[in-house]
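Pasted below: my_file.tsv, TSV, C-alpha atoms.
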```tsv
chain	number	residue	atom	x	y	z
A	1	MET	CA	-42.90	-32.28	26.45
A	2	ILE	CA	-44.41	-33.28	23.09
A	3	SER	CA	-42.65	-30.79	20.89
A	4	ASP	CA	-40.34	-32.97	18.76
A	5	LYS	CA	-40.88	-32.00	15.11
A	6	ASN	CA	-41.32	-35.57	13.87
A	7	THR	CA	-43.73	-36.35	16.70
A	8	ILE	CA	-45.80	-33.25	15.99
A	9	ASN	CA	-46.17	-34.18	12.34
A	10	GLU	CA	-47.34	-37.73	12.98
A	11	HIS	CA	-50.78	-38.49	11.61
A	12	LEU	CA	-52.64	-39.33	14.80
A	13	SER	CA	-56.20	-40.44	15.43
A	14	LYS	CA	-58.62	-38.09	17.15
A	15	ALA	CA	-58.40	-40.15	20.34
A	16	GLU	CA	-54.59	-40.06	20.31
A	17	ILE	CA	-54.54	-36.28	19.97
A	18	LEU	CA	-56.97	-35.80	22.85
A	19	SER	CA	-54.98	-38.25	24.98
A	20	ARG	CA	-51.77	-36.32	24.35
A	21	LEU	CA	-53.47	-32.99	25.05
A	22	PHE	CA	-55.07	-34.20	28.28
A	23	SER	CA	-51.77	-35.67	29.47
A	24	ILE	CA	-50.31	-32.16	29.72
A	25	TRP	CA	-53.44	-30.07	30.31
A	26	ASN	CA	-55.49	-30.77	33.41
A	27	PRO	CA	-57.38	-27.57	34.28
A	28	SER	CA	-58.62	-26.75	37.76
A	29	VAL	CA	-62.36	-26.16	37.84
A	30	ARG	CA	-63.25	-22.66	39.10
A	31	THR	CA	-66.58	-21.82	40.66
A	32	GLU	CA	-68.79	-18.83	41.36
A	33	THR	CA	-72.10	-18.30	43.15
A	34	VAL	CA	-75.02	-16.99	41.11
A	35	PRO	CA	-78.68	-16.22	41.88
A	36	LEU	CA	-80.88	-19.24	41.21
A	37	GLN	CA	-82.71	-17.38	38.43
A	38	GLU	CA	-79.40	-17.09	36.54
A	39	ALA	CA	-78.38	-20.73	37.01
A	40	TYR	CA	-80.31	-22.36	34.15
A	41	GLY	CA	-77.97	-24.40	31.95
A	42	ARG	CA	-75.00	-23.95	34.31
A	43	VAL	CA	-73.03	-26.82	35.82
A	44	LEU	CA	-73.70	-27.20	39.54
A	45	ALA	CA	-70.50	-27.16	41.60
A	46	GLU	CA	-71.81	-28.59	44.90
A	47	ASP	CA	-74.63	-30.88	46.00
A	48	GLN	CA	-77.74	-28.95	47.04
A	49	ARG	CA	-80.09	-30.13	49.81
A	50	ALA	CA	-83.51	-29.00	51.04
A	51	GLN	CA	-83.43	-26.38	53.80
A	52	PHE	CA	-86.76	-27.39	55.39
A	53	ASP	CA	-89.64	-29.86	55.34
A	54	LEU	CA	-92.61	-29.46	52.98
A	55	PRO	CA	-95.30	-29.24	54.02
A	56	VAL	CA	-93.94	-27.55	57.12
A	57	VAL	CA	-96.85	-29.14	59.06
A	58	ARG	CA	-99.44	-31.59	57.82
A	59	ALA	CA	-101.69	-30.46	54.96
A	60	SER	CA	-104.75	-31.63	53.07
A	61	SER	CA	-104.04	-33.96	50.18
A	62	MET	CA	-107.23	-33.00	48.32
A	63	ASP	CA	-110.03	-30.46	48.16
A	64	GLY	CA	-112.48	-31.07	50.99
A	65	ILE	CA	-113.37	-30.30	54.60
A	66	ALA	CA	-111.35	-31.05	57.72
A	67	VAL	CA	-113.17	-32.70	60.61
A	68	ARG	CA	-112.41	-34.25	64.01
A	69	SER	CA	-112.23	-38.02	63.69
A	70	ALA	CA	-113.33	-38.30	67.33
A	71	ASP	CA	-116.79	-37.07	66.26
A	72	PHE	CA	-117.21	-40.31	64.28
A	73	LEU	CA	-116.21	-42.81	66.98
A	74	ASP	CA	-119.86	-43.73	67.68
A	75	GLY	CA	-120.87	-43.85	64.01
A	76	MET	CA	-122.10	-41.24	61.58
A	77	PRO	CA	-123.27	-38.16	63.53
A	78	ASP	CA	-126.14	-35.87	62.58
A	79	THR	CA	-124.29	-33.12	60.72
A	80	SER	CA	-127.27	-30.94	59.80
A	81	GLY	CA	-126.46	-28.52	62.57
A	82	TRP	CA	-122.73	-28.42	61.97
A	83	LYS	CA	-121.22	-25.03	61.28
A	84	ALA	CA	-118.11	-24.09	59.34
A	85	GLY	CA	-115.38	-23.00	61.72
A	86	ARG	CA	-116.86	-25.01	64.56
A	87	GLU	CA	-117.33	-28.70	63.66
A	88	PHE	CA	-115.45	-28.46	60.35
A	89	VAL	CA	-113.33	-26.14	58.19
A	90	ARG	CA	-112.56	-26.02	54.46
A	91	ALA	CA	-109.24	-27.66	53.62
A	92	ASP	CA	-108.30	-27.62	49.94
A	93	THR	CA	-105.35	-29.39	48.38
A	94	GLY	CA	-102.10	-28.34	50.05
A	95	ASP	CA	-103.89	-26.24	52.67
A	96	ASP	CA	-102.85	-26.10	56.30
A	97	PHE	CA	-105.79	-26.16	58.71
A	98	ASP	CA	-106.43	-25.77	62.43
A	99	ASP	CA	-104.78	-28.43	64.61
A	100	ALA	CA	-108.18	-29.15	66.17
A	101	TYR	CA	-109.05	-31.19	63.05
A	102	ASP	CA	-107.24	-34.36	62.01
A	103	SER	CA	-109.13	-35.87	59.05
A	104	VAL	CA	-110.22	-34.64	55.60
A	105	ILE	CA	-113.37	-35.65	53.75
A	106	ARG	CA	-113.15	-35.11	49.99
A	107	ILE	CA	-115.39	-32.38	48.61
A	108	GLU	CA	-117.21	-34.86	46.34
A	109	ASP	CA	-118.66	-36.50	49.48
A	110	VAL	CA	-119.91	-33.23	50.96
A	111	ARG	CA	-123.10	-31.23	50.38
A	112	ILE	CA	-123.31	-27.73	51.87
A	113	GLY	CA	-126.75	-26.16	51.65
A	114	ASP	CA	-127.53	-22.52	50.97
A	115	ASP	CA	-128.31	-22.16	54.65
A	116	GLY	CA	-124.85	-23.57	55.55
A	117	SER	CA	-126.18	-26.98	56.57
A	118	LEU	CA	-123.82	-29.90	56.01
A	119	THR	CA	-124.67	-33.31	54.58
A	120	LEU	CA	-122.08	-36.07	54.23
A	121	CYS	CA	-122.37	-38.70	51.49
A	122	LEU	CA	-119.47	-40.96	52.39
A	123	PRO	CA	-119.06	-44.26	50.54
A	124	GLU	CA	-120.42	-47.19	52.50
A	125	GLY	CA	-117.96	-48.37	55.10
A	126	THR	CA	-115.93	-45.17	55.03
A	127	VAL	CA	-115.41	-43.57	58.43
A	128	PRO	CA	-113.11	-40.57	58.94
A	129	GLU	CA	-109.99	-41.65	60.81
A	130	PRO	CA	-106.95	-39.69	62.07
A	131	GLY	CA	-104.76	-38.73	59.10
A	132	MET	CA	-107.30	-39.61	56.38
A	133	ASN	CA	-106.48	-37.61	53.23
A	134	VAL	CA	-103.83	-35.67	55.16
A	135	ARG	CA	-100.23	-35.32	54.08
A	136	PRO	CA	-97.87	-35.48	57.06
A	137	ALA	CA	-95.17	-32.86	57.53
A	138	GLY	CA	-92.26	-33.51	55.17
A	139	SER	CA	-94.25	-35.84	52.92
A	140	MET	CA	-93.43	-33.73	49.85
A	141	LEU	CA	-89.90	-32.76	50.80
A	142	LYS	CA	-87.69	-33.67	53.74
A	143	LYS	CA	-85.08	-31.30	55.12
A	144	GLY	CA	-81.64	-32.43	54.00
A	145	VAL	CA	-82.83	-34.45	50.99
A	146	LEU	CA	-80.63	-34.14	47.88
A	147	LEU	CA	-82.25	-31.78	45.36
A	148	ALA	CA	-79.51	-31.56	42.72
A	149	GLU	CA	-76.13	-33.22	42.40
A	150	SER	CA	-72.76	-31.64	41.75
A	151	GLY	CA	-71.71	-31.88	38.11
A	152	HIS	CA	-75.30	-31.80	36.88
A	153	THR	CA	-76.36	-29.25	34.26
A	154	ILE	CA	-79.25	-27.33	35.82
A	155	THR	CA	-82.64	-27.73	34.10
A	156	ALA	CA	-85.94	-25.90	34.54
A	157	MET	CA	-87.20	-28.73	36.77
A	158	ASP	CA	-84.04	-28.44	38.87
A	159	LEU	CA	-84.72	-24.74	39.36
A	160	ALA	CA	-88.21	-25.49	40.63
A	161	ALA	CA	-86.95	-28.23	42.96
A	162	LEU	CA	-84.17	-26.03	44.33
A	163	GLU	CA	-86.52	-23.12	44.86
A	164	SER	CA	-89.08	-25.29	46.64
A	165	GLY	CA	-86.30	-26.46	48.96
A	166	GLY	CA	-85.35	-22.94	49.98
A	167	ILE	CA	-82.32	-22.48	47.69
A	168	THR	CA	-81.96	-18.94	46.33
A	169	SER	CA	-78.40	-19.02	45.00
A	170	VAL	CA	-76.10	-21.83	43.91
A	171	PRO	CA	-72.38	-22.41	43.32
A	172	VAL	CA	-71.73	-23.18	39.65
A	173	VAL	CA	-68.69	-23.90	37.53
A	174	LYS	CA	-67.36	-20.78	35.87
A	175	LYS	CA	-67.91	-20.79	32.15
A	176	PRO	CA	-64.62	-21.21	30.25
A	177	VAL	CA	-63.95	-18.13	28.15
A	178	VAL	CA	-63.23	-19.34	24.62
A	179	GLY	CA	-61.60	-17.03	22.11
A	180	PHE	CA	-62.25	-17.56	18.40
A	181	ILE	CA	-59.96	-15.84	15.90
A	182	PRO	CA	-61.03	-15.90	12.22
A	183	THR	CA	-58.03	-15.42	9.92
A	184	GLY	CA	-57.54	-14.98	6.21
A	185	SER	CA	-57.06	-12.06	3.84
A	186	GLU	CA	-59.89	-13.50	1.75
A	187	LEU	CA	-62.50	-13.15	4.50
A	188	THR	CA	-65.15	-10.45	4.67
A	189	ALA	CA	-67.73	-9.86	7.40
A	190	PRO	CA	-71.31	-11.17	7.12
A	191	GLY	CA	-73.59	-8.62	5.46
A	192	ASN	CA	-71.02	-7.69	2.83
A	193	ILE	CA	-71.40	-8.85	-0.77
A	194	PRO	CA	-68.28	-10.95	-1.47
A	195	GLN	CA	-66.09	-9.74	-4.29
A	196	ARG	CA	-63.79	-11.85	-6.43
A	197	GLY	CA	-61.51	-13.95	-4.19
A	198	GLN	CA	-63.51	-13.29	-1.02
A	199	ASN	CA	-65.41	-15.56	1.35
A	200	ILE	CA	-67.92	-14.70	4.08
A	201	ASP	CA	-66.75	-15.32	7.64
A	202	CYS	CA	-69.61	-17.54	8.81
A	203	ASN	CA	-67.34	-19.64	11.03
A	204	SER	CA	-67.39	-17.05	13.82
A	205	THR	CA	-71.15	-17.45	14.13
A	206	LEU	CA	-70.84	-21.24	13.95
A	207	ALA	CA	-68.21	-21.25	16.70
A	208	LYS	CA	-70.06	-18.75	18.88
A	209	TYR	CA	-73.23	-20.80	19.13
A	210	MET	CA	-71.49	-24.16	19.39
A	211	ILE	CA	-69.39	-22.78	22.27
A	212	LEU	CA	-72.55	-21.48	23.96
A	213	GLU	CA	-74.17	-24.89	23.45
A	214	MET	CA	-71.13	-26.53	25.07
A	215	GLY	CA	-71.40	-24.29	28.14
A	216	GLY	CA	-68.68	-21.78	27.35
A	217	GLU	CA	-68.51	-18.02	27.02
A	218	PRO	CA	-67.44	-17.17	23.45
A	219	VAL	CA	-65.30	-14.18	22.54
A	220	CYS	CA	-65.20	-13.72	18.77
A	221	TYR	CA	-62.37	-11.49	17.59
A	222	PRO	CA	-62.40	-9.44	14.37
A	223	ILE	CA	-61.06	-10.95	11.14
A	224	VAL	CA	-57.25	-10.94	11.05
A	225	ARG	CA	-55.44	-10.69	7.71
A	226	ASP	CA	-52.60	-13.05	6.78
A	227	LYS	CA	-49.80	-11.00	8.31
A	228	LYS	CA	-47.56	-12.95	10.64
A	229	GLU	CA	-46.99	-10.20	13.20
A	230	ASP	CA	-50.70	-9.32	13.35
A	231	LEU	CA	-51.53	-12.97	13.83
A	232	LYS	CA	-48.97	-13.32	16.62
A	233	ASP	CA	-50.33	-10.23	18.35
A	234	ILE	CA	-53.95	-11.44	18.34
A	235	VAL	CA	-52.95	-14.88	19.63
A	236	GLU	CA	-51.10	-13.26	22.54
A	237	ARG	CA	-54.07	-11.02	23.28
A	238	ALA	CA	-56.46	-13.98	23.23
A	239	LEU	CA	-54.21	-16.05	25.49
A	240	ALA	CA	-54.24	-13.19	28.00
A	241	GLU	CA	-58.04	-12.81	27.87
A	242	CYS	CA	-59.33	-16.36	27.44
A	243	ASP	CA	-59.14	-19.85	28.95
A	244	ILE	CA	-59.16	-21.63	25.58
A	245	VAL	CA	-58.06	-20.13	22.26
A	246	LEU	CA	-59.22	-21.24	18.82
A	247	ILE	CA	-57.65	-19.82	15.69
A	248	ASN	CA	-59.36	-20.56	12.40
A	249	GLY	CA	-57.57	-20.90	9.06
A	250	GLY	CA	-53.94	-20.95	7.92
A	251	SER	CA	-53.43	-24.45	9.26
A	252	SER	CA	-51.83	-26.23	6.30
A	253	LYS	CA	-48.79	-25.60	4.06
A	254	GLY	CA	-49.94	-22.67	1.93
A	255	GLU	CA	-47.80	-19.62	1.30
A	256	GLU	CA	-49.77	-17.59	3.85
A	257	ASP	CA	-50.55	-20.42	6.27
A	258	PHE	CA	-48.72	-18.83	9.21
A	259	ASN	CA	-51.06	-20.05	11.93
A	260	ALA	CA	-49.72	-23.59	12.07
A	261	GLU	CA	-46.21	-22.22	12.64
A	262	ILE	CA	-47.45	-19.78	15.29
A	263	ILE	CA	-49.54	-22.37	17.14
A	264	LEU	CA	-46.91	-25.09	17.15
A	265	GLY	CA	-44.14	-22.70	18.11
A	266	ARG	CA	-45.96	-21.29	21.13
A	267	GLY	CA	-45.78	-23.29	24.34
A	268	THR	CA	-45.88	-27.08	24.13
A	269	ALA	CA	-46.95	-28.45	20.76
A	270	VAL	CA	-49.14	-31.57	20.79
A	271	SER	CA	-49.81	-32.39	17.14
A	272	HIS	CA	-50.45	-31.02	13.69
A	273	TRP	CA	-52.08	-33.72	11.57
A	274	VAL	CA	-55.14	-35.80	12.39
A	275	LYS	CA	-56.50	-38.93	10.72
A	276	ALA	CA	-59.82	-37.21	10.10
A	277	ALA	CA	-61.25	-35.03	7.37
A	278	PRO	CA	-62.26	-32.41	6.55
A	279	GLY	CA	-59.68	-30.56	8.62
A	280	ARG	CA	-56.64	-32.88	8.61
A	281	PRO	CA	-54.09	-30.07	9.16
A	282	MET	CA	-55.20	-29.15	12.66
A	283	GLY	CA	-52.61	-27.80	15.10
A	284	VAL	CA	-52.96	-28.39	18.82
A	285	ALA	CA	-50.73	-26.94	21.53
A	286	VAL	CA	-50.80	-25.83	25.16
A	287	ALA	CA	-49.62	-22.26	25.76
A	288	ASP	CA	-49.61	-20.53	29.16
A	289	GLY	CA	-51.45	-23.56	30.51
A	290	LYS	CA	-54.29	-23.12	28.00
A	291	PRO	CA	-55.34	-25.16	24.94
A	292	LEU	CA	-54.40	-23.39	21.71
A	293	ILE	CA	-56.13	-25.03	18.77
A	294	ASN	CA	-55.83	-24.21	15.07
A	295	LEU	CA	-59.00	-25.27	13.24
A	296	SER	CA	-58.93	-25.59	9.46
A	297	GLY	CA	-60.66	-22.82	7.53
A	298	PRO	CA	-63.49	-24.44	5.53
A	299	THR	CA	-66.79	-24.38	7.41
A	300	ALA	CA	-67.27	-28.16	7.41
A	301	ALA	CA	-63.71	-28.60	8.71
A	302	ALA	CA	-64.24	-25.97	11.42
A	303	PHE	CA	-67.48	-27.68	12.45
A	304	TYR	CA	-65.83	-31.11	12.61
A	305	GLY	CA	-62.93	-29.78	14.70
A	306	LEU	CA	-65.33	-28.04	17.09
A	307	GLU	CA	-67.30	-31.26	17.36
A	308	TRP	CA	-64.63	-33.89	17.96
A	309	CYS	CA	-61.90	-31.78	19.61
A	310	VAL	CA	-63.31	-28.64	21.21
A	311	ARG	CA	-66.39	-30.38	22.68
A	312	PRO	CA	-64.31	-32.77	24.88
A	313	VAL	CA	-61.91	-29.93	25.72
A	314	MET	CA	-64.88	-27.90	26.98
A	315	ALA	CA	-66.20	-30.84	28.99
A	316	ARG	CA	-62.80	-31.23	30.65
A	317	ALA	CA	-62.72	-27.51	31.48
A	318	LEU	CA	-66.18	-27.79	33.05
A	319	GLY	CA	-65.41	-31.04	34.87
A	320	ILE	CA	-68.31	-32.92	33.21
A	321	ARG	CA	-68.78	-35.82	30.84
A	322	VAL	CA	-68.69	-35.10	27.13
A	323	SER	CA	-72.19	-34.49	25.78
A	324	SER	CA	-73.07	-36.72	22.87
A	325	ARG	CA	-75.46	-36.35	19.97
A	326	GLN	CA	-78.35	-38.78	19.58
A	327	SER	CA	-77.48	-41.73	17.36
A	328	VAL	CA	-80.07	-43.38	15.10
A	329	SER	CA	-79.86	-46.16	12.55
A	330	ALA	CA	-80.72	-45.36	8.93
A	331	VAL	CA	-80.47	-47.22	5.63
A	332	LEU	CA	-78.25	-45.77	2.88
A	333	THR	CA	-79.94	-44.89	-0.40
A	334	GLU	CA	-76.72	-45.27	-2.40
A	335	ASP	CA	-73.13	-46.51	-2.17
A	336	LEU	CA	-70.81	-44.29	-0.15
A	337	GLU	CA	-67.07	-44.45	-0.70
A	338	ALA	CA	-64.76	-43.74	2.26
A	339	PRO	CA	-61.02	-43.00	2.42
A	340	GLY	CA	-60.22	-45.86	4.79
A	341	VAL	CA	-56.88	-44.41	5.92
A	342	ILE	CA	-58.67	-41.58	7.74
A	343	GLU	CA	-62.07	-40.99	9.27
A	344	PHE	CA	-64.30	-38.84	7.11
A	345	LEU	CA	-67.27	-36.65	8.02
A	346	CYS	CA	-70.19	-37.11	5.62
A	347	MET	CA	-73.29	-34.97	6.02
A	348	ILE	CA	-76.54	-36.91	5.75
A	349	ASN	CA	-80.11	-35.97	4.88
A	350	LEU	CA	-82.83	-38.22	6.28
A	351	PHE	CA	-86.35	-39.14	5.25
A	352	ARG	CA	-88.86	-41.90	5.95
A	353	ASP	CA	-90.00	-43.99	3.01
A	354	GLY	CA	-93.51	-45.34	2.43
A	355	GLU	CA	-92.81	-48.21	4.83
A	356	GLY	CA	-91.64	-45.89	7.59
A	357	ILE	CA	-87.97	-46.89	7.24
A	358	LEU	CA	-85.50	-44.09	7.95
A	359	ARG	CA	-83.35	-43.52	4.87
A	360	ALA	CA	-79.94	-41.81	4.73
A	361	VAL	CA	-79.00	-39.70	1.70
A	362	PRO	CA	-75.34	-38.55	1.58
A	363	ALA	CA	-75.21	-34.79	1.03
A	364	ARG	CA	-73.26	-34.17	-2.16
A	365	ASN	CA	-72.29	-30.53	-1.78
A	366	ARG	CA	-69.26	-30.19	-4.06
A	367	MET	CA	-71.20	-30.43	-7.30
A	368	ASN	CA	-74.77	-29.37	-6.58
A	369	GLY	CA	-74.12	-26.33	-4.40
A	370	ASN	CA	-75.88	-27.56	-1.25
A	371	PRO	CA	-74.66	-25.71	1.85
A	372	PRO	CA	-71.99	-27.91	3.55
A	373	LEU	CA	-73.82	-28.03	6.89
A	374	ALA	CA	-77.43	-27.99	5.68
A	375	ALA	CA	-78.04	-31.58	6.73
A	376	ASP	CA	-80.07	-33.59	9.22
A	377	ALA	CA	-77.27	-35.80	10.53
A	378	MET	CA	-73.65	-36.77	10.12
A	379	LEU	CA	-71.89	-40.04	9.47
A	380	VAL	CA	-68.25	-40.46	10.49
A	381	THR	CA	-66.70	-43.23	8.42
A	382	GLU	CA	-64.53	-45.83	10.12
A	383	LEU	CA	-60.78	-46.17	9.80
A	384	GLY	CA	-60.06	-49.05	7.44
A	385	LYS	CA	-63.48	-49.04	5.78
A	386	THR	CA	-63.56	-47.90	2.15
A	387	LEU	CA	-67.12	-48.61	1.06
A	388	TYR	CA	-70.60	-48.44	2.55
A	389	ARG	CA	-73.14	-50.25	0.39
A	390	LYS	CA	-76.56	-49.11	-0.71
A	391	ASP	CA	-79.23	-50.53	1.67
A	392	GLU	CA	-76.63	-50.92	4.41
A	393	ALA	CA	-77.78	-49.77	7.86
A	394	VAL	CA	-75.49	-47.13	9.34
A	395	ASP	CA	-75.46	-45.22	12.62
A	396	VAL	CA	-75.73	-41.46	12.13
A	397	LEU	CA	-75.56	-38.63	14.66
A	398	LEU	CA	-78.47	-36.20	14.56
A	399	LEU	CA	-77.89	-32.51	13.91
A	400	ARG	CA	-81.56	-31.64	14.48
A	401	PRO	CA	-84.39	-33.32	16.42
A	402	LEU	CA	-85.71	-36.46	14.78
A	403	ASN	CA	-89.31	-35.22	14.96
A	404	GLU	CA	-88.37	-32.30	12.69
A	405	ILE	CA	-87.16	-34.62	9.94
```
Please go through the file and, once you have read it, give me the structure as structure tokens.
Amino acid sequence: MISDKNTINEHLSKAEILSRLFSIWNPSVRTETVPLQEAYGRVLAEDQRAQFDLPVVRASSMDGIAVRSADFLDGMPDTSGWKAGREFVRADTGDDFDDAYDSVIRIEDVRIGDDGSLTLCLPEGTVPEPGMNVRPAGSMLKKGVLLAESGHTITAMDLAALESGGITSVPVVKKPVVGFIPTGSELTAPGNIPQRGQNIDCNSTLAKYMILEMGGEPVCYPIVRDKKEDLKDIVERALAECDIVLINGGSSKGEEDFNAEIILGRGTAVSHWVKAAPGRPMGVAVADGKPLINLSGPTAAAFYGLEWCVRPVMARALGIRVSSRQSVSAVLTEDLEAPGVIEFLCMINLFRDGEGILRAVPARNRMNGNPPLAADAMLVTELGKTLYRKDEAVDVLLLRPLNEI
């Protein structure tokens, strides 16, 4: 049990929190079988192998005509009297053809007159032999060959390979159902014009699509006001309905910050504070065998918590490796101060200068009103480092494809 009050309130690193959580939460991976057409983006639960050979029998490897190689044993025959369906047949790429024929001449070396007469223009020294330009049975796909491996996220190419191998349905890992509970008496739904003291609940949309991206099934609950009993009720409902529960807001020490108390008092508490910002007051617990995570309210903090904490939790629930964002090196355009005692998320805008060098511009959103997540990349500062210098090369994680920047 990790529920001692002093232990819970330690300031732990992100890695330490995940290690503690995973020491007491080890979910069993559940599976279901779905039609192949519904399997895109799902995690395959079992290896899949081809059900038959392709081609089933030998087939032509190019457009041409199929002939009997025995007709060429004594040299080039007079083909002017040859007839289609008797001495030769058409055999285009991938075509099966009558077993009486065993060699294919490419169509570029064939002339068929209007009267049906056949003239061959084979390159010098070329004589049709058994198997020439013919794919043997199983040359494209052998029965029993591995088409897709367990634990692999199914792509469009995988679907085509599975279908070609006779697979019509596949066992996949069940998507974890992830509940997201937005809390705060100051919140109003998107589409409303915020009044004095109100904020728009955009975090539900952020969480929904990040959870989908991670392979989960999001369930976004309505906004819950800062009333302790209402908050307790919605947490219990979410724990009954979901595999993972995220509650957003009320995570610190404010007068109406009840969520931290609720989270850490339910089940086995793991931690409250993390050496990372934004979002330092982040409660983590395991209740009813399920992760119960209290993300801080500000959008940047919610994003960061989803990124560093919920992403590996989702990977563990799916039984896969944690997906990682593409890292690129960029050169800072200005000095960037860092806390040192904690890691800090800094949003970065990128551009290429006249010499083609990728430049990193820290997004300064507190003063100029830039949206907190309207950035190309993110930089997570290192523990112990307090200053990044102008013209210093830093590794940033992309939030959008590099070719769009």
Top pick for closest residue to Asp376 in chain A, considering A:Leu231, A:Ile342, A:Val274, A:Val328 and counting all atoms listed in the file:
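Of A:Leu231, A:Ile342, A:Val274, A:Val328, the one nearest Asp376 in chain A is A:Val328, counting all atoms listed in the file.
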Taking only C-alpha atoms into account, which of A:Gly138, A:Gly85, A:Pro362, A:Gly179 comes nearest Asp335 in chain A?
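Nearest candidate to Asp335 in chain A out of A:Gly138, A:Gly85, A:Pro362, A:Gly179: A:Pro362.
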Go through range 92-169 of chain A and flag each residue having an atom no more than 10 Å from range 66-78 of chain A; for those, report the closest pair of atoms plus their distance in Å to one decimal, using all atoms listed in the file, ordered by chain and rising number, as a Markdown table.
```
| residue | atom | partner | partner_atom | distance |
| --- | --- | --- | --- | --- |
| A:Asp92 | CA | A:Ala66 | CA | 9.0 |
| A:Asp96 | CA | A:Ala66 | CA | 9.9 |
| A:Phe97 | CA | A:Ala66 | CA | 7.5 |
| A:Asp98 | CA | A:Ala66 | CA | 8.6 |
| A:Asp99 | CA | A:Arg68 | CA | 9.6 |
| A:Ala100 | CA | A:Arg68 | CA | 7.0 |
| A:Tyr101 | CA | A:Arg68 | CA | 4.6 |
| A:Asp102 | CA | A:Arg68 | CA | 5.5 |
| A:Ser103 | CA | A:Val67 | CA | 5.4 |
| A:Val104 | CA | A:Ala66 | CA | 4.3 |
| A:Ile105 | CA | A:Ala66 | CA | 6.4 |
| A:Arg106 | CA | A:Ala66 | CA | 8.9 |
| A:Leu118 | CA | A:Asp78 | CA | 9.2 |
| A:Thr119 | CA | A:Asp78 | CA | 8.5 |
| A:Leu120 | CA | A:Met76 | CA | 9.0 |
| A:Leu122 | CA | A:Met76 | CA | 9.6 |
| A:Thr126 | CA | A:Met76 | CA | 9.8 |
| A:Val127 | CA | A:Phe72 | CA | 6.9 |
| A:Pro128 | CA | A:Ser69 | CA | 5.5 |
| A:Glu129 | CA | A:Ser69 | CA | 5.1 |
| A:Pro130 | CA | A:Ser69 | CA | 5.8 |
| A:Gly131 | CA | A:Ser69 | CA | 8.8 |
| A:Met132 | CA | A:Ser69 | CA | 9.0 |
| A:Asn133 | CA | A:Ala66 | CA | 9.3 |
| A:Val134 | CA | A:Ala66 | CA | 9.2 |
```
Shortest interatomic distance to Pro190 in chain A - which of A:Gly297, A:Ile357, A:Cys202, A:His152, counting all atoms listed in the file:
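Ranked by minimum distance to Pro190 in chain A, first place goes to A:Cys202.
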CA of Phe22 in chain A to CA of Ile320 in chain A, distance in Å rounded to a single decimal:
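These two atoms are separated by 14.2 Å.
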Could you check how far CA of Asp109 in chain A sits from CA of Thr79 in chain A, in Å to one decimal?
13.0 Å
Could you name the residues that touch Met314 in chain A at 8 Å or less, counting only C-alpha atoms, but leaving out those on the same chain fewer than 2 positions away, as a list in words?
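My list of contacting residues is Pro176, Met214, Gly215, Gly216, Val310, Arg311, Pro312, Arg316, Ala317 and Leu318 of chain A.
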Hey, what's within 12 Å of Glu213 in chain A if we count only C-alpha atoms and toss same-chain stuff fewer than 2 positions away? As a list of chain:residue names, please?
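Neighbouring residues, sequence-local ones excluded: A:Gly41, A:Arg42, A:Thr153, A:Lys175, A:Leu206, A:Ala207, A:Lys208, A:Tyr209, A:Met210, A:Ile211, A:Gly215, A:Gly216, A:Glu217, A:Pro218, A:Leu306, A:Glu307, A:Val310, A:Arg311, A:Met314, A:Ala315, A:Ser323, A:Ser324.
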Filtering to C-alpha atoms, could you give me those residues as a compact mmCIF listing (two decimals), keeping the file's coordinate frame?
```txt
# COMPACT_ATOMS: atom_id res chain seq x y z
CA GLY A 41 -77.97 -24.40 31.95
CA ARG A 42 -75.00 -23.95 34.31
CA THR A 153 -76.36 -29.25 34.26
CA LYS A 175 -67.91 -20.79 32.15
CA LEU A 206 -70.84 -21.24 13.95
CA ALA A 207 -68.21 -21.25 16.70
CA LYS A 208 -70.06 -18.75 18.88
CA TYR A 209 -73.23 -20.80 19.13
CA MET A 210 -71.49 -24.16 19.39
CA ILE A 211 -69.39 -22.78 22.27
CA GLY A 215 -71.40 -24.29 28.14
CA GLY A 216 -68.68 -21.78 27.35
CA GLU A 217 -68.51 -18.02 27.02
CA PRO A 218 -67.44 -17.17 23.45
CA LEU A 306 -65.33 -28.04 17.09
CA GLU A 307 -67.30 -31.26 17.36
CA VAL A 310 -63.31 -28.64 21.21
CA ARG A 311 -66.39 -30.38 22.68
CA MET A 314 -64.88 -27.90 26.98
CA ALA A 315 -66.20 -30.84 28.99
CA SER A 323 -72.19 -34.49 25.78
CA SER A 324 -73.07 -36.72 22.87
```
